[in-house]
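Below is one structure, written out as structure tokens; the observations come after it.
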Amino acid sequence: MPPPPVLPKPKFQCPVKISAGNIMDEEETMTNITRGRTTVISKYHRNIDKSVAKASSVCTQSSSQDSGWHVWSGWWSEEVKGHAGFGEQETDAEHLPVPSESSSRSDRALQDHEDETQENVLNEETQNMEKDEDKQEQIKELKLYKIASELLQTERAYVTRLHLLDQVFCARLTEEAGKGMFPVEVVKGIFSNVGSIYTFHSQFLLPDLETRMSQWASTPRIGDILAQLAPFLRMYAEYVKNFDSAMDLLKQWTERSAQFNTIIQDIQSQEVCGNLTLQHHMLEPVQRVPRYEMLLKDYLKKLPEDDPDCSQAKKSLNIISMAATHSNMAIRKMENLKKLMEIYEMLGGEEDIVNPSNELIKEGQILKLAARNTSSMERYLFLFNNMLLYCVPKFSLVGQRFTVRTRVCVEGMKVLETSNEDYPHTFQVSGKERTLELQASSEQDKEDWIKAFQETIEIFQQKNETFKSASKEVADEVSKEELGKRAPRWIRDNEVTMCMKCKEPFNPLTRRRHHCRACGYVVCYKCSDYKASLRYDGNKLNKVCKDCYFILTGRADAEEPVSGKKRGILEIEAAQVSGNSFLCGFLQYSTDRTKPCQRVWCVIPQHDALVLYLYGAPQDVKAQCTIPLLGYQVEDVQRSVDHPPTSFRLCQSKSVHCFTADTEEVKLRWLKVIHKAVIGEMPECQTPVDDDLANGCHEGVPDGT
């Protein structure tokens, strides 16, 4: 069987005969030729199967040297002729002639022309793309230049402001202070190191920026300058740290000294001040470092990663960010204090409002639903990080605008969403002091209030738990296995009134306080007259108590037996019972009206709920005395000349014990526990008041500070 015929690759460029009557200009000719070739290609694909069949039959009947090329070439030429429209009729494919040499030359010429045209188009597109890339690159460079230019312009304005502070305000006040009108220290305390800041910016940073911007065409970068000078911005820490006290000092002397106030007002009235006060100008250095950080971040966004200035810009940003953190904290603190002052005035001088620890979370108008008839009343809330002020509006245009009706502590506070058919958008806030059912103006307003309450309660609880955990950790003793291997926590001197080993009371002359370097206990000189090597201190000899000495050296105490001695009823450590108590805290104590009160640490332990233990300090190892509460009468002392309103007494026959709490709330907590103890009932554990563990706790021991 003969092999299948090998079909040649068809030629897509076909000869075209152009008559004199059909001469067209070059552009139209190329268009028609291209259209004709496209039609031929489609016909070629439609007739390929038929042509292959014909070629196969011819190859079977003819010799092996006949490949059937005339079949393909004849058909292809006829198709081109027909679609080119040159007047020739389609003939039988088997009798078509082979293309001539002149036709092949024309075909090659057309192909060369088409290739040249495509190459020109490609070159044009490449040039357009290169132009677009160049344009984008120019835009980036322009943006970088604008940022650098903004930095220079703001730096010039800032140096002008520094000149006003240092060379005008500070210089004038220093000159007048030299005449004895007011102390020179006042001026130094107000302006701090503003002179050093002015020198740095006017003689170093600003000249370098001006030089670089004049050479921007050859050196388009600023990161290297900032990286070199940014470390000097650390001097702002002193200015920011002193800012609050400077404001207080300025306000104090403006009110105290007429000469001081006259100088300030005279300078502020000048055109150079721009109708701004000295306080506004002094805020400028605090805000400047965050401004550098913002501009540098924008500069890095526009800067390519492979740019030589990128690493220097990132380095300077890290340094500036650290300085900006301190400035931002000072700004927030100042704004918070300013807001607290406004609230203080609106509340008519309410106590404990202007306190750096207070932080305003949310404020706003709200409706309060009455408990009896659910009628709504207009109220105003101030939510702080540690309390809620429930206020009643006062119809006054000036002065006091609200009256505080109730304070609700965040500690123990709960917030719940409620449903009321008559009053939508309601929720409930319950605390130890009061429960409030409130109505918001809309559903979104209600959600905002609930979210604010929940976040405030959560943050307060986290801080409280962290504080309790820290209190427990510092109260833990060093175990015998770790004795000498780990540095102990020293018990503070003011936490004990007696030696923690021999239980003898301290006095400043004959029995002074000493610390054992192994366990951290406060002991007297007799109980600390030992030395042992401690591993955590490089095995150096350190002063230790007697018990630690025998443990570390492995010797037995020949003077006293280690065990077998029965402890007295008073020999119970305060820290031990305070950690598991119904209530503990400081109270003023006296057994006689004529004698002065003594501040004692009082504990009602859980293992002995009917006994009140009195210690000199929270870490004493022995109680001063105990009071069996069963059978005592509790008297709530009213306000009198001899006793403040936070006093109460325990009376039984001729025995009288007088106590005074720090606040009314602490007094009520003690009375709640003692009232049950005196009749033999088990009291409930009382949680500490606010963050002051000295008011009473059952979960931690205070550090005595």
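Here's how to read the names in the structure tokens: chain A, B, ... by the order shown, residue numbers from 1 in each chain, ligand numbers from 1 in the order shown.
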
As a CSV table (one decimal) with N, CA and C atoms, in the first residue's frame, please: every residue in range 119-289 of chain A that a backbone DSSP assignment puts in alpha helix (DSSP H).
```
chain,number,residue,atom,x,y,z
A,119,GLU,N,5.7,46.6,11.8
A,119,GLU,CA,6.8,47.1,12.6
A,119,GLU,C,6.7,48.5,12.9
A,120,ASN,N,6.2,49.3,12.0
A,120,ASN,CA,6.1,50.8,12.3
A,120,ASN,C,5.0,51.0,13.4
A,121,VAL,N,3.9,50.2,13.3
A,121,VAL,CA,2.9,50.3,14.3
A,121,VAL,C,3.4,49.9,15.7
A,122,LEU,N,4.2,48.8,15.8
A,122,LEU,CA,4.7,48.4,17.0
A,122,LEU,C,5.7,49.4,17.6
A,123,ASN,N,6.5,50.0,16.8
A,123,ASN,CA,7.4,51.0,17.2
A,123,ASN,C,6.7,52.2,17.8
A,124,GLU,N,5.6,52.6,17.2
A,124,GLU,CA,4.8,53.7,17.6
A,124,GLU,C,4.2,53.4,19.0
A,125,GLU,N,3.6,52.2,19.1
A,125,GLU,CA,3.0,51.8,20.4
A,125,GLU,C,4.1,51.8,21.5
A,126,THR,N,5.2,51.3,21.2
A,126,THR,CA,6.3,51.3,22.2
A,126,THR,C,6.7,52.7,22.7
A,127,GLN,N,6.8,53.6,21.7
A,127,GLN,CA,7.1,54.9,22.1
A,127,GLN,C,6.0,55.6,22.9
A,128,ASN,N,4.8,55.3,22.6
A,128,ASN,CA,3.7,55.8,23.5
A,128,ASN,C,3.7,55.3,24.9
A,129,MET,N,4.1,54.0,25.0
A,129,MET,CA,4.2,53.4,26.4
A,129,MET,C,5.4,54.0,27.1
A,130,GLU,N,6.5,54.2,26.4
A,130,GLU,CA,7.6,54.9,27.1
A,130,GLU,C,7.3,56.3,27.5
A,131,LYS,N,6.5,57.0,26.7
A,131,LYS,CA,6.0,58.3,27.0
A,131,LYS,C,5.1,58.3,28.3
A,132,ASP,N,4.2,57.3,28.4
A,132,ASP,CA,3.3,57.2,29.5
A,132,ASP,C,4.2,56.9,30.8
A,133,GLU,N,5.2,56.0,30.7
A,133,GLU,CA,6.0,55.7,31.8
A,133,GLU,C,6.8,57.0,32.3
A,134,ASP,N,7.3,57.7,31.3
A,134,ASP,CA,8.0,58.9,31.6
A,134,ASP,C,7.1,59.9,32.3
A,135,LYS,N,5.8,60.0,31.9
A,135,LYS,CA,4.9,60.9,32.4
A,135,LYS,C,4.5,60.5,33.9
A,136,GLN,N,4.3,59.2,34.1
A,136,GLN,CA,4.1,58.8,35.5
A,136,GLN,C,5.3,59.0,36.4
A,137,GLU,N,6.4,58.8,35.9
A,137,GLU,CA,7.6,59.1,36.7
A,137,GLU,C,7.7,60.6,37.0
A,138,GLN,N,7.4,61.4,36.1
A,138,GLN,CA,7.4,62.9,36.3
A,138,GLN,C,6.4,63.3,37.4
A,139,ILE,N,5.2,62.6,37.4
A,139,ILE,CA,4.2,62.9,38.4
A,139,ILE,C,4.7,62.5,39.8
A,140,LYS,N,5.3,61.4,39.9
A,140,LYS,CA,5.8,60.9,41.2
A,140,LYS,C,6.9,61.9,41.7
A,141,GLU,N,7.8,62.3,40.8
A,141,GLU,CA,8.8,63.3,41.2
A,141,GLU,C,8.2,64.6,41.6
A,142,LEU,N,7.1,65.0,40.9
A,142,LEU,CA,6.5,66.3,41.3
A,142,LEU,C,5.8,66.2,42.6
A,143,LYS,N,5.2,65.0,43.0
A,143,LYS,CA,4.6,64.9,44.3
A,143,LYS,C,5.7,64.9,45.4
A,144,LEU,N,6.8,64.2,45.1
A,144,LEU,CA,7.9,64.2,46.1
A,144,LEU,C,8.4,65.7,46.4
A,145,TYR,N,8.5,66.4,45.3
A,145,TYR,CA,8.9,67.8,45.4
A,145,TYR,C,7.9,68.6,46.2
A,146,LYS,N,6.6,68.4,46.0
A,146,LYS,CA,5.6,69.2,46.7
A,146,LYS,C,5.7,68.9,48.2
A,147,ILE,N,5.9,67.6,48.6
A,147,ILE,CA,6.0,67.2,50.0
A,147,ILE,C,7.2,67.9,50.6
A,148,ALA,N,8.3,67.9,49.9
A,148,ALA,CA,9.5,68.5,50.4
A,148,ALA,C,9.4,70.0,50.5
A,149,SER,N,8.7,70.6,49.6
A,149,SER,CA,8.4,72.0,49.6
A,149,SER,C,7.5,72.4,50.7
A,150,GLU,N,6.5,71.6,51.0
A,150,GLU,CA,5.6,71.8,52.1
A,150,GLU,C,6.4,71.8,53.5
A,151,LEU,N,7.3,70.8,53.5
A,151,LEU,CA,8.1,70.7,54.8
A,151,LEU,C,8.9,72.0,55.0
A,152,LEU,N,9.5,72.5,53.9
A,152,LEU,CA,10.3,73.7,54.0
A,152,LEU,C,9.4,74.9,54.4
A,153,GLN,N,8.3,75.0,53.8
A,153,GLN,CA,7.4,76.2,54.1
A,153,GLN,C,6.9,76.2,55.5
A,154,THR,N,6.5,75.0,56.0
A,154,THR,CA,6.0,74.9,57.4
A,154,THR,C,7.1,75.1,58.4
A,155,GLU,N,8.3,74.7,58.0
A,155,GLU,CA,9.5,74.8,58.9
A,155,GLU,C,9.8,76.3,59.0
A,156,ARG,N,9.7,77.1,58.0
A,156,ARG,CA,9.9,78.5,58.1
A,156,ARG,C,8.9,79.2,59.0
A,157,ALA,N,7.6,78.8,58.8
A,157,ALA,CA,6.6,79.4,59.7
A,157,ALA,C,6.8,79.0,61.2
A,158,TYR,N,7.3,77.7,61.3
A,158,TYR,CA,7.5,77.2,62.7
A,158,TYR,C,8.7,78.0,63.4
A,159,VAL,N,9.7,78.2,62.6
A,159,VAL,CA,10.9,78.9,63.2
A,159,VAL,C,10.4,80.4,63.6
A,160,THR,N,9.6,80.9,62.8
A,160,THR,CA,9.0,82.3,63.1
A,160,THR,C,8.3,82.2,64.5
A,161,ARG,N,7.5,81.2,64.7
A,161,ARG,CA,6.8,81.0,65.9
A,161,ARG,C,7.7,80.8,67.1
A,162,LEU,N,8.8,80.0,66.9
A,162,LEU,CA,9.8,79.8,67.9
A,162,LEU,C,10.5,81.1,68.3
A,163,HIS,N,10.8,81.9,67.3
A,163,HIS,CA,11.4,83.2,67.5
A,163,HIS,C,10.5,84.1,68.4
A,171,ALA,N,12.3,86.6,76.3
A,171,ALA,CA,13.3,87.6,76.5
A,171,ALA,C,12.8,88.8,77.3
A,172,ARG,N,11.6,89.2,76.9
A,172,ARG,CA,10.9,90.4,77.6
A,172,ARG,C,10.6,90.0,79.0
A,173,LEU,N,10.1,88.9,79.3
A,173,LEU,CA,9.8,88.5,80.7
A,173,LEU,C,11.0,88.3,81.5
A,174,THR,N,12.1,87.8,80.9
A,174,THR,CA,13.4,87.6,81.6
A,174,THR,C,14.0,89.0,82.0
A,175,GLU,N,13.8,89.9,81.1
A,175,GLU,CA,14.3,91.2,81.3
A,175,GLU,C,13.6,91.9,82.5
A,176,GLU,N,12.3,91.8,82.5
A,176,GLU,CA,11.5,92.4,83.6
A,176,GLU,C,11.7,91.6,84.9
A,177,ALA,N,11.9,90.3,84.8
A,177,ALA,CA,12.2,89.6,86.1
A,177,ALA,C,13.5,90.0,86.7
A,184,VAL,N,12.8,85.0,88.4
A,184,VAL,CA,13.3,84.5,87.2
A,184,VAL,C,13.0,83.1,87.0
A,185,GLU,N,12.9,82.3,88.1
A,185,GLU,CA,12.6,80.9,88.0
A,185,GLU,C,11.2,80.6,87.4
A,186,VAL,N,10.3,81.6,87.5
A,186,VAL,CA,9.0,81.5,86.9
A,186,VAL,C,9.1,81.4,85.4
A,187,VAL,N,9.9,82.3,84.9
A,187,VAL,CA,10.1,82.4,83.4
A,187,VAL,C,10.7,81.1,82.9
A,188,LYS,N,11.7,80.6,83.6
A,188,LYS,CA,12.4,79.4,83.2
A,188,LYS,C,11.4,78.2,83.3
A,189,GLY,N,10.6,78.2,84.3
A,189,GLY,CA,9.6,77.1,84.5
A,189,GLY,C,8.6,77.1,83.4
A,190,ILE,N,8.2,78.3,82.8
A,190,ILE,CA,7.2,78.4,81.8
A,190,ILE,C,7.8,78.0,80.4
A,191,PHE,N,8.9,78.5,80.1
A,191,PHE,CA,9.4,78.3,78.7
A,191,PHE,C,10.4,77.1,78.6
A,194,VAL,N,12.8,75.9,75.4
A,194,VAL,CA,12.4,76.4,74.1
A,194,VAL,C,13.5,77.1,73.4
A,195,GLY,N,14.5,77.7,74.2
A,195,GLY,CA,15.6,78.3,73.6
A,195,GLY,C,16.5,77.3,72.8
A,196,SER,N,16.7,76.1,73.3
A,196,SER,CA,17.5,75.1,72.6
A,196,SER,C,16.7,74.6,71.4
A,197,ILE,N,15.4,74.5,71.5
A,197,ILE,CA,14.6,74.1,70.3
A,197,ILE,C,14.7,75.1,69.2
A,198,TYR,N,14.6,76.4,69.6
A,198,TYR,CA,14.7,77.4,68.6
A,198,TYR,C,16.1,77.4,67.9
A,199,THR,N,17.2,77.2,68.7
A,199,THR,CA,18.5,77.2,68.1
A,199,THR,C,18.7,76.1,67.1
A,200,PHE,N,18.2,74.9,67.5
A,200,PHE,CA,18.3,73.7,66.6
A,200,PHE,C,17.6,73.9,65.3
A,206,LEU,N,16.5,74.1,59.5
A,206,LEU,CA,16.0,75.0,58.4
A,206,LEU,C,17.0,75.4,57.4
A,207,PRO,N,18.3,75.7,57.7
A,207,PRO,CA,19.3,76.0,56.7
A,207,PRO,C,19.6,74.8,55.8
A,208,ASP,N,19.6,73.6,56.4
A,208,ASP,CA,19.9,72.4,55.6
A,208,ASP,C,18.7,72.1,54.6
A,209,LEU,N,17.5,72.3,55.1
A,209,LEU,CA,16.3,72.1,54.1
A,209,LEU,C,16.4,73.2,53.0
A,210,GLU,N,16.7,74.4,53.3
A,210,GLU,CA,16.8,75.4,52.3
A,210,GLU,C,17.9,75.1,51.3
A,211,THR,N,19.0,74.6,51.7
A,211,THR,CA,20.1,74.3,50.8
A,211,THR,C,19.7,73.1,49.9
A,212,ARG,N,19.1,72.1,50.5
A,212,ARG,CA,18.7,70.9,49.7
A,212,ARG,C,17.6,71.3,48.7
A,213,MET,N,16.6,72.1,49.0
A,213,MET,CA,15.6,72.5,48.1
A,213,MET,C,16.2,73.3,46.9
A,214,SER,N,17.2,74.1,47.2
A,214,SER,CA,17.9,74.8,46.1
A,214,SER,C,18.7,73.9,45.2
A,223,GLY,N,15.5,62.5,53.0
A,223,GLY,CA,15.6,61.5,54.1
A,223,GLY,C,16.9,61.5,54.8
A,224,ASP,N,18.0,61.8,54.0
A,224,ASP,CA,19.3,61.8,54.7
A,224,ASP,C,19.4,62.9,55.6
A,225,ILE,N,18.8,64.1,55.3
A,225,ILE,CA,18.9,65.2,56.3
A,225,ILE,C,18.1,64.9,57.6
A,226,LEU,N,16.9,64.4,57.4
A,226,LEU,CA,16.1,64.1,58.6
A,226,LEU,C,16.7,63.0,59.4
A,227,ALA,N,17.3,62.0,58.8
A,227,ALA,CA,18.0,60.9,59.5
A,227,ALA,C,19.2,61.4,60.3
A,228,GLN,N,19.8,62.4,59.8
A,228,GLN,CA,21.0,62.9,60.5
A,228,GLN,C,20.6,63.8,61.7
A,229,LEU,N,19.5,64.6,61.5
A,229,LEU,CA,19.1,65.5,62.6
A,229,LEU,C,17.9,65.1,63.4
A,236,TYR,N,12.5,67.4,72.6
A,236,TYR,CA,11.1,67.8,72.8
A,236,TYR,C,10.5,67.1,74.0
A,237,ALA,N,11.1,65.9,74.4
A,237,ALA,CA,10.5,65.2,75.6
A,237,ALA,C,10.5,66.1,76.8
A,238,GLU,N,11.5,66.9,77.0
A,238,GLU,CA,11.6,67.7,78.2
A,238,GLU,C,10.5,68.8,78.1
A,239,TYR,N,10.3,69.4,76.9
A,239,TYR,CA,9.3,70.5,76.7
A,239,TYR,C,7.9,69.9,76.9
A,240,VAL,N,7.7,68.7,76.3
A,240,VAL,CA,6.3,68.1,76.5
A,240,VAL,C,6.0,67.7,77.9
A,241,LYS,N,7.0,67.2,78.6
A,241,LYS,CA,6.9,66.8,80.0
A,241,LYS,C,6.6,68.0,80.8
A,242,ASN,N,7.1,69.1,80.5
A,242,ASN,CA,6.9,70.3,81.4
A,242,ASN,C,5.7,71.1,81.0
A,243,PHE,N,5.0,70.7,79.9
A,243,PHE,CA,4.0,71.5,79.3
A,243,PHE,C,2.9,71.8,80.3
A,244,ASP,N,2.4,70.8,81.0
A,244,ASP,CA,1.2,70.9,81.9
A,244,ASP,C,1.6,71.9,83.0
A,245,SER,N,2.7,71.7,83.6
A,245,SER,CA,3.1,72.6,84.7
A,245,SER,C,3.4,74.0,84.2
A,246,ALA,N,3.9,74.1,83.0
A,246,ALA,CA,4.1,75.4,82.4
A,246,ALA,C,2.7,76.2,82.3
A,247,MET,N,1.7,75.5,81.8
A,247,MET,CA,0.4,76.1,81.7
A,247,MET,C,-0.2,76.5,83.1
A,248,ASP,N,0.0,75.7,84.1
A,248,ASP,CA,-0.4,76.0,85.4
A,248,ASP,C,0.3,77.2,86.0
A,249,LEU,N,1.6,77.2,85.7
A,249,LEU,CA,2.5,78.3,86.2
A,249,LEU,C,2.1,79.6,85.5
A,250,LEU,N,1.8,79.6,84.2
A,250,LEU,CA,1.4,80.7,83.5
A,250,LEU,C,0.1,81.3,84.0
A,251,LYS,N,-0.9,80.4,84.2
A,251,LYS,CA,-2.2,80.9,84.7
A,251,LYS,C,-2.0,81.4,86.1
A,252,GLN,N,-1.2,80.8,87.0
A,252,GLN,CA,-1.1,81.3,88.3
A,252,GLN,C,-0.5,82.7,88.4
A,253,TRP,N,0.6,82.9,87.6
A,253,TRP,CA,1.2,84.2,87.7
A,253,TRP,C,0.5,85.3,86.9
A,254,THR,N,-0.3,84.9,86.0
A,254,THR,CA,-1.1,85.9,85.3
A,254,THR,C,-2.2,86.5,86.2
A,255,GLU,N,-2.7,85.6,87.1
A,255,GLU,CA,-3.6,86.1,88.1
A,255,GLU,C,-3.0,86.8,89.3
A,256,ARG,N,-1.8,86.3,89.6
A,256,ARG,CA,-1.1,86.8,90.8
A,256,ARG,C,-0.4,88.2,90.6
A,258,ALA,N,0.2,91.6,88.5
A,258,ALA,CA,-0.3,92.6,87.5
A,258,ALA,C,0.7,92.9,86.5
A,259,GLN,N,2.0,93.1,86.9
A,259,GLN,CA,3.1,93.4,86.0
A,259,GLN,C,3.3,92.2,84.9
A,260,PHE,N,3.2,91.0,85.5
A,260,PHE,CA,3.4,89.9,84.6
A,260,PHE,C,2.3,89.8,83.5
A,261,ASN,N,1.0,90.0,84.0
A,261,ASN,CA,-0.1,90.0,83.1
A,261,ASN,C,-0.1,91.1,82.1
A,262,THR,N,0.4,92.3,82.5
A,262,THR,CA,0.5,93.4,81.6
A,262,THR,C,1.5,93.2,80.4
A,263,ILE,N,2.6,92.5,80.7
A,263,ILE,CA,3.6,92.2,79.7
A,263,ILE,C,3.0,91.2,78.7
A,264,ILE,N,2.4,90.2,79.2
A,264,ILE,CA,1.8,89.2,78.3
A,264,ILE,C,0.7,89.8,77.4
A,265,GLN,N,-0.2,90.7,78.0
A,265,GLN,CA,-1.2,91.3,77.2
A,265,GLN,C,-0.6,92.2,76.1
A,266,ASP,N,0.5,92.9,76.5
A,266,ASP,CA,1.1,93.9,75.6
A,266,ASP,C,1.7,93.2,74.4
A,267,ILE,N,2.3,92.1,74.6
A,267,ILE,CA,2.9,91.3,73.5
A,267,ILE,C,1.8,90.7,72.6
A,268,GLN,N,0.8,90.1,73.3
A,268,GLN,CA,-0.3,89.5,72.5
A,268,GLN,C,-1.1,90.5,71.7
A,278,LEU,N,-0.6,83.5,74.3
A,278,LEU,CA,0.7,82.8,74.5
A,278,LEU,C,0.5,81.3,74.6
A,279,GLN,N,-0.6,80.9,75.2
A,279,GLN,CA,-0.9,79.4,75.4
A,279,GLN,C,-1.0,78.8,74.0
A,280,HIS,N,-1.6,79.4,73.0
A,280,HIS,CA,-1.7,78.9,71.7
A,280,HIS,C,-0.3,78.7,71.0
A,281,HIS,N,0.5,79.7,71.2
A,281,HIS,CA,1.9,79.7,70.6
A,281,HIS,C,2.7,78.6,71.3
A,282,MET,N,2.5,78.4,72.6
A,282,MET,CA,3.3,77.4,73.3
A,282,MET,C,2.9,76.0,72.9
A,283,LEU,N,1.7,75.8,72.4
A,283,LEU,CA,1.3,74.5,71.9
A,283,LEU,C,1.9,74.1,70.6
A,284,GLU,N,2.5,75.1,69.9
A,284,GLU,CA,3.0,74.8,68.6
A,284,GLU,C,4.2,73.7,68.6
A,285,PRO,N,5.1,73.8,69.6
A,285,PRO,CA,6.2,72.8,69.6
A,285,PRO,C,5.6,71.4,69.9
A,286,VAL,N,4.6,71.3,70.7
A,286,VAL,CA,4.0,70.0,71.0
A,286,VAL,C,3.4,69.4,69.8
A,287,GLN,N,2.8,70.2,68.9
A,287,GLN,CA,2.2,69.7,67.7
A,287,GLN,C,3.2,69.5,66.5
A,288,ARG,N,4.4,70.0,66.6
A,288,ARG,CA,5.3,70.0,65.5
A,288,ARG,C,5.8,68.6,65.2
A,289,VAL,N,6.2,67.9,66.2
A,289,VAL,CA,6.8,66.5,65.9
A,289,VAL,C,5.8,65.6,65.2
```

Residues within 12 Å of Val673 in chain A, only C-alpha atoms, excluding chain neighbours under 6 positions, as a list in words: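 The neighbour list is Ser581, Phe582, Leu583, Cys584, Val603, Ile604, Pro605, Gln606, Ala609, Leu610, Val611, Leu612, Leu629, Val634, Val666, Lys667, Ile679, Gly680, Glu681, Met682, Pro683, Glu684, Cys685, Gln686, Thr687 and Gly696 of chain A.
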
Convert the current residue selection to file output with N, CA, C and O atoms, as a tab-separated table (two decimals), in the first residue's frame.
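Heads up, here's the output in selection-v2.tsv:
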```tsv
chain	number	residue	atom	x	y	z
A	581	SER	N	-10.68	37.00	103.47
A	581	SER	CA	-11.47	37.70	104.48
A	581	SER	C	-12.79	38.16	103.87
A	581	SER	O	-12.95	38.26	102.65
A	582	PHE	N	-13.75	38.39	104.78
A	582	PHE	CA	-15.00	38.98	104.34
A	582	PHE	C	-14.83	40.48	104.06
A	582	PHE	O	-15.46	41.02	103.16
A	583	LEU	N	-13.98	41.11	104.86
A	583	LEU	CA	-13.73	42.53	104.67
A	583	LEU	C	-12.43	42.89	105.39
A	583	LEU	O	-12.15	42.37	106.47
A	584	CYS	N	-11.64	43.74	104.77
A	584	CYS	CA	-10.41	44.21	105.40
A	584	CYS	C	-10.13	45.63	104.94
A	584	CYS	O	-10.56	46.03	103.85
A	603	VAL	N	-9.46	43.31	110.04
A	603	VAL	CA	-9.77	42.15	109.20
A	603	VAL	C	-10.82	41.29	109.90
A	603	VAL	O	-10.71	41.03	111.11
A	604	ILE	N	-11.84	40.88	109.12
A	604	ILE	CA	-12.78	39.85	109.57
A	604	ILE	C	-12.54	38.64	108.69
A	604	ILE	O	-13.01	38.57	107.56
A	605	PRO	N	-11.76	37.64	109.16
A	605	PRO	CA	-11.36	36.51	108.30
A	605	PRO	C	-12.52	35.56	108.05
A	605	PRO	O	-13.47	35.48	108.84
A	606	GLN	N	-12.42	34.85	106.95
A	606	GLN	CA	-13.47	33.89	106.59
A	606	GLN	C	-13.46	32.67	107.51
A	606	GLN	O	-14.51	32.07	107.74
A	609	ALA	N	-15.39	34.14	111.31
A	609	ALA	CA	-16.23	35.24	110.88
A	609	ALA	C	-16.78	36.07	112.03
A	609	ALA	O	-17.33	37.15	111.79
A	610	LEU	N	-16.68	35.61	113.29
A	610	LEU	CA	-17.26	36.33	114.40
A	610	LEU	C	-16.21	37.10	115.20
A	610	LEU	O	-16.48	37.54	116.32
A	611	VAL	N	-14.99	37.24	114.64
A	611	VAL	CA	-13.90	37.91	115.34
A	611	VAL	C	-13.32	39.00	114.43
A	611	VAL	O	-13.09	38.77	113.24
A	612	LEU	N	-13.08	40.16	115.02
A	612	LEU	CA	-12.45	41.28	114.31
A	612	LEU	C	-11.00	41.38	114.78
A	612	LEU	O	-10.73	41.56	115.97
A	629	LEU	N	-17.06	39.56	118.10
A	629	LEU	CA	-18.19	40.42	117.74
A	629	LEU	C	-19.53	39.92	118.27
A	629	LEU	O	-20.48	40.70	118.40
A	634	VAL	N	-24.16	47.48	117.89
A	634	VAL	CA	-23.57	48.36	116.90
A	634	VAL	C	-24.33	49.68	116.91
A	634	VAL	O	-25.56	49.70	116.73
A	666	VAL	N	-17.54	53.34	102.83
A	666	VAL	CA	-16.75	52.34	103.54
A	666	VAL	C	-17.39	52.01	104.88
A	666	VAL	O	-17.44	50.85	105.32
A	667	LYS	N	-17.91	53.01	105.56
A	667	LYS	CA	-18.60	52.79	106.83
A	667	LYS	C	-19.79	51.86	106.65
A	667	LYS	O	-20.00	50.93	107.45
A	679	ILE	N	-24.86	38.96	115.53
A	679	ILE	CA	-26.00	38.07	115.84
A	679	ILE	C	-25.70	36.64	115.43
A	679	ILE	O	-26.59	35.79	115.45
A	680	GLY	N	-24.44	36.37	115.03
A	680	GLY	CA	-24.03	35.00	114.74
A	680	GLY	C	-24.29	34.53	113.33
A	680	GLY	O	-24.16	33.33	113.06
A	681	GLU	N	-24.66	35.43	112.41
A	681	GLU	CA	-24.90	35.04	111.02
A	681	GLU	C	-23.62	35.19	110.19
A	681	GLU	O	-22.74	35.98	110.53
A	682	MET	N	-23.56	34.42	109.11
A	682	MET	CA	-22.40	34.48	108.22
A	682	MET	C	-22.53	35.67	107.27
A	682	MET	O	-23.47	35.75	106.49
A	683	PRO	N	-21.59	36.61	107.33
A	683	PRO	CA	-21.69	37.79	106.44
A	683	PRO	C	-21.30	37.44	105.01
A	683	PRO	O	-20.83	36.34	104.72
A	684	GLU	N	-21.52	38.41	104.11
A	684	GLU	CA	-21.15	38.25	102.71
A	684	GLU	C	-19.85	38.97	102.44
A	684	GLU	O	-19.53	39.98	103.06
A	685	CYS	N	-19.08	38.44	101.45
A	685	CYS	CA	-17.82	39.07	101.07
A	685	CYS	C	-18.10	40.43	100.44
A	685	CYS	O	-19.01	40.57	99.61
A	686	GLN	N	-17.32	41.41	100.80
A	686	GLN	CA	-17.45	42.77	100.28
A	686	GLN	C	-16.31	43.05	99.32
A	686	GLN	O	-15.15	42.80	99.64
A	687	THR	N	-16.65	43.57	98.13
A	687	THR	CA	-15.61	43.91	97.14
A	687	THR	C	-15.00	45.25	97.49
A	687	THR	O	-15.62	46.08	98.16
A	696	GLY	N	-10.81	48.42	101.97
A	696	GLY	CA	-11.34	47.10	102.27
A	696	GLY	C	-11.29	46.18	101.10
A	696	GLY	O	-11.64	46.53	100.00
```

Nearest-residue call for Glu495 in chain A, choices A:Cys527, A:Ala313, A:Ile319, A:Ala575, using only C-alpha atoms: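 Closest residue, counting only C-alpha atoms: A:Ala575.
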
Residue nearest Gly349 in chain A - candidates A:Phe384, A:Tyr390, A:Phe402, A:Trp490, atoms counted: only C-alpha atoms: A:Phe402

CA of Lys526 in chain A to CA of Cys548 in chain A, distance in Å rounded to a single decimal: 13.7 Å

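Interatomic distance, CA of Gln400 in chain A against CA of Asp448 in chain A: 27.1 Å.
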
Contacts of Glu417 in chain A within 8 Å, only C-alpha atoms, excl. fewer than 2 positions in-chain, as a count of residues only: 6

Polymer residues at most 12 Å from Glu363 in chain A, only C-alpha atoms, same-chain spacing of 2 or more positions, as a VMD selection string: chain A and resid 339 to 340 343 359 to 361 365 to 366 379 to 385 388 to 391 445 448 to 449 452 to 453

Minimum-distance residue to Asp422 in chain A, chosen among A:Gln462, A:Ser375, A:Ser396, A:Thr456 (using only C-alpha atoms): A:Ser375
